[in-house]
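Here's model-v5.txt, which has compact mmCIF, C-alpha atoms:
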```
# COMPACT_ATOMS: atom_id res chain seq x y z
CA MET A 763 124.71 77.41 139.14
CA SER A 764 123.44 75.56 136.09
CA VAL A 765 125.11 75.60 132.69
CA THR A 766 122.28 77.69 131.26
CA ASN A 767 122.60 80.30 134.01
CA ARG A 768 126.34 80.49 133.46
CA LEU A 769 125.78 80.85 129.72
CA TRP A 770 123.22 83.60 130.34
CA LEU A 771 125.57 85.48 132.66
CA LEU A 772 128.37 85.18 130.12
CA ARG A 773 126.12 86.68 127.46
CA LEU A 774 125.17 89.54 129.77
CA GLN A 775 128.83 90.20 130.49
CA ALA A 776 129.53 90.10 126.75
CA GLY A 777 127.25 93.10 126.29
CA LEU A 778 124.03 91.43 125.13
CA ARG A 779 121.27 93.91 125.89
CA MET A 780 117.92 95.16 124.74
CA VAL A 781 117.55 98.73 123.57
CA GLU A 782 114.66 98.59 121.09
CA LEU A 783 112.32 95.62 121.55
CA PHE A 784 111.17 95.27 117.96
CA GLU A 785 114.64 95.80 116.56
CA ASP A 786 116.57 93.65 119.02
CA LEU A 787 114.41 90.56 118.58
CA ARG A 788 114.81 90.63 114.80
CA ASP A 789 118.00 88.56 114.60
CA GLY A 790 116.66 85.89 116.96
CA HIS A 791 119.63 85.90 119.35
CA ASN A 792 117.87 87.72 122.19
CA LEU A 793 114.75 85.63 121.64
CA ILE A 794 116.76 82.42 121.90
CA SER A 795 118.54 83.76 125.01
CA LEU A 796 115.20 84.53 126.67
CA LEU A 797 113.93 81.01 125.95
CA GLU A 798 117.16 79.51 127.29
CA VAL A 799 116.66 81.33 130.59
CA LEU A 800 112.98 80.48 130.91
CA ALA A 801 113.27 76.84 129.84
CA HIS A 802 116.67 76.10 131.40
CA ASP A 803 117.80 74.66 128.11
CA ILE A 804 120.46 75.44 125.53
CA LEU A 805 119.32 76.07 121.98
CA PRO A 806 121.39 76.10 118.79
CA ARG A 807 121.77 79.32 116.86
CA GLU A 808 123.14 80.57 113.58
CA ARG A 809 126.19 82.82 113.84
CA GLY A 810 125.84 84.80 110.60
CA HIS A 811 124.32 88.23 110.05
CA MET A 812 122.48 87.70 106.77
CA ARG A 813 118.69 87.65 106.55
CA PHE A 814 118.75 83.85 106.17
CA HIS A 815 120.58 83.47 109.49
CA LYS A 816 118.14 85.79 111.25
CA ILE A 817 115.13 83.90 109.91
CA GLN A 818 116.75 80.61 110.93
CA ASN A 819 117.38 81.86 114.50
CA VAL A 820 113.81 83.04 114.92
CA GLN A 821 112.59 79.77 113.43
CA ILE A 822 114.67 77.84 115.98
CA ALA A 823 112.90 79.80 118.75
CA LEU A 824 109.44 79.24 117.20
CA ASP A 825 110.10 75.52 116.72
CA PHE A 826 111.22 75.25 120.34
CA LEU A 827 108.00 76.89 121.50
CA ARG A 828 105.92 74.53 119.36
CA LEU A 829 107.89 71.59 120.79
CA LYS A 830 106.89 72.82 124.26
CA GLY A 831 103.24 72.72 123.17
CA ILE A 832 102.76 76.44 122.70
CA ARG A 833 100.29 77.25 119.95
CA LEU A 834 101.50 80.08 117.75
CA VAL A 835 98.84 81.56 115.49
CA ASN A 836 99.99 83.46 112.39
CA ILE A 837 103.46 84.14 113.80
CA ARG A 838 106.11 83.48 111.17
CA SER A 839 109.83 83.93 111.50
CA ASP A 840 110.06 86.34 108.56
CA GLU A 841 107.49 88.64 110.19
CA ILE A 842 109.55 88.84 113.39
CA VAL A 843 112.73 89.45 111.35
CA ASP A 844 110.92 92.24 109.50
CA GLY A 845 110.12 93.84 112.89
CA ASN A 846 106.32 93.55 112.76
CA PRO A 847 105.34 95.12 116.12
CA LYS A 848 101.97 93.38 116.52
CA LEU A 849 103.37 89.92 115.89
CA THR A 850 106.46 90.57 117.99
CA LEU A 851 104.36 91.67 120.97
CA GLY A 852 102.01 88.75 120.33
CA LEU A 853 104.95 86.35 120.46
CA VAL A 854 106.32 87.85 123.67
CA TRP A 855 102.86 87.80 125.26
CA THR A 856 102.41 84.15 124.26
CA ILE A 857 105.74 83.33 125.92
CA ILE A 858 104.66 85.16 129.09
CA LEU A 859 101.34 83.33 129.22
CA HIS A 860 102.97 79.93 128.74
CA PHE A 861 105.64 80.35 131.37
CA GLN A 862 103.19 81.93 133.84
CA VAL A 863 101.38 78.65 134.58
CA GLY A 864 103.10 76.96 137.50
CA ARG A 865 106.35 78.85 136.99
CA ARG A 866 105.96 82.11 138.88
CA GLY A 867 109.71 82.50 139.36
CA ARG A 868 110.34 82.21 135.65
CA LEU A 869 107.47 84.56 134.92
CA PHE A 870 109.06 87.11 137.22
CA VAL A 871 112.30 86.85 135.19
CA CYS A 872 110.28 87.34 132.00
CA LEU A 873 108.44 90.36 133.42
CA ILE A 874 111.67 91.96 134.54
CA TRP A 875 113.12 91.37 131.08
CA MET A 876 110.05 92.90 129.45
CA SER A 877 109.99 95.90 131.77
CA VAL A 878 113.63 96.62 130.99
CA CYS A 879 112.95 96.26 127.28
CA LEU A 880 109.91 98.52 127.39
CA CYS A 881 111.66 101.16 129.47
CA GLN A 882 114.57 101.25 127.06
CA SER A 883 112.35 101.20 123.99
CA LYS A 884 111.93 104.42 122.07
CA ARG A 885 108.41 103.42 121.08
CA VAL A 886 107.04 102.67 124.55
CA CYS A 887 107.42 104.95 127.54
CA LEU A 888 106.60 103.93 131.09
CA SER A 889 106.77 106.39 133.96
CA ASP A 890 107.70 103.71 136.50
CA CYS A 891 109.22 100.54 135.09
CA SER A 892 109.14 98.75 138.43
CA SER A 893 105.33 98.95 138.45
CA VAL A 894 105.22 96.40 135.63
CA CYS A 895 106.69 93.76 137.92
CA VAL A 896 105.47 95.02 141.29
CA SER A 897 101.82 95.42 140.37
CA CYS A 898 101.37 92.05 138.66
CA SER A 899 99.18 89.55 140.50
CA MET A 900 101.77 86.91 141.29
```
Can the structure from this file be put into structure tokens for me?
Amino acid sequence: MSVTNRLWLLRLQAGLRMVELFEDLRDGHNLISLLEVLAHDILPRERGHMRFHKIQNVQIALDFLRLKGIRLVNIRSDEIVDGNPKLTLGLVWTIILHFQVGRRGRLFVCLIWMSVCLCQSKRVCLSDCSSVCVSCSM
């Protein structure tokens, strides 16, 4: 098991979970964790809870995506921290599209993560969460 997978499992055991998609991505920790799993890399993160730390964490994730060659249009860290639903979903969709090409296993992890997030979200209701992953054309 790789270091990243061990780190991810430790975070899951520590109680890191998604309840409300737009709220839980605001501090950047879950976003960084998702990128660590998909990219098999370890990213730095700020440990504080002030707005500055949240913006910095989201910025670390956005900079990492740009480093990977992902084009982010009009997605700023302060907008994600503020919980803008359109930009948050746009960011997650951009991540899905990038990791879909040639990385079906990683896409499957991302789709599972998204289906769990959407099922637990108070704003989005799905009747069958497994259909998100099962019905995709992989």
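For the pair CA of Asn819 (chain A) and CA of Arg807 (chain A), the separation is 5.6 Å.
The gap separating CA of Glu782 (chain A) from CA of Leu824 (chain A) is 20.4 Å, in Å to one decimal.
Minimum atom-to-atom distances from A:Ala823, A:Gly852, A:Leu859, A:Arg828 to Leu793 (chain A) were compared using only C-alpha atoms, and the lowest value belongs to A:Ala823.
Note that the spacing between CA of Gly790 (chain A) and CA of Val843 (chain A) amounts to 7.7 Å.
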field: Close residues, Leu805 (chain A) itself excluded, 12 Å, all atoms listed in the file, min 3 positions apart in chain, as a VMD selection string
entry: chain A and resid 766 769 to 770 790 to 802 808 819 to 827
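Minimum atom-to-atom distance to His815 (chain A), evaluated using all atoms listed in the file, belongs to A:Arg788 out of A:Thr856, A:Ile832, A:Arg838, A:Arg788.
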message: If we count all atoms listed in the file and set the cut-off at 12 Å, which residues sit around Asp844 (chain A), ignoring sequence neighbours fewer than 6 positions away in its own chain? Please answer as a VMD selection string.
response: chain A and resid 784 to 790 813 to 814 816 to 817 820 837 to 838 850
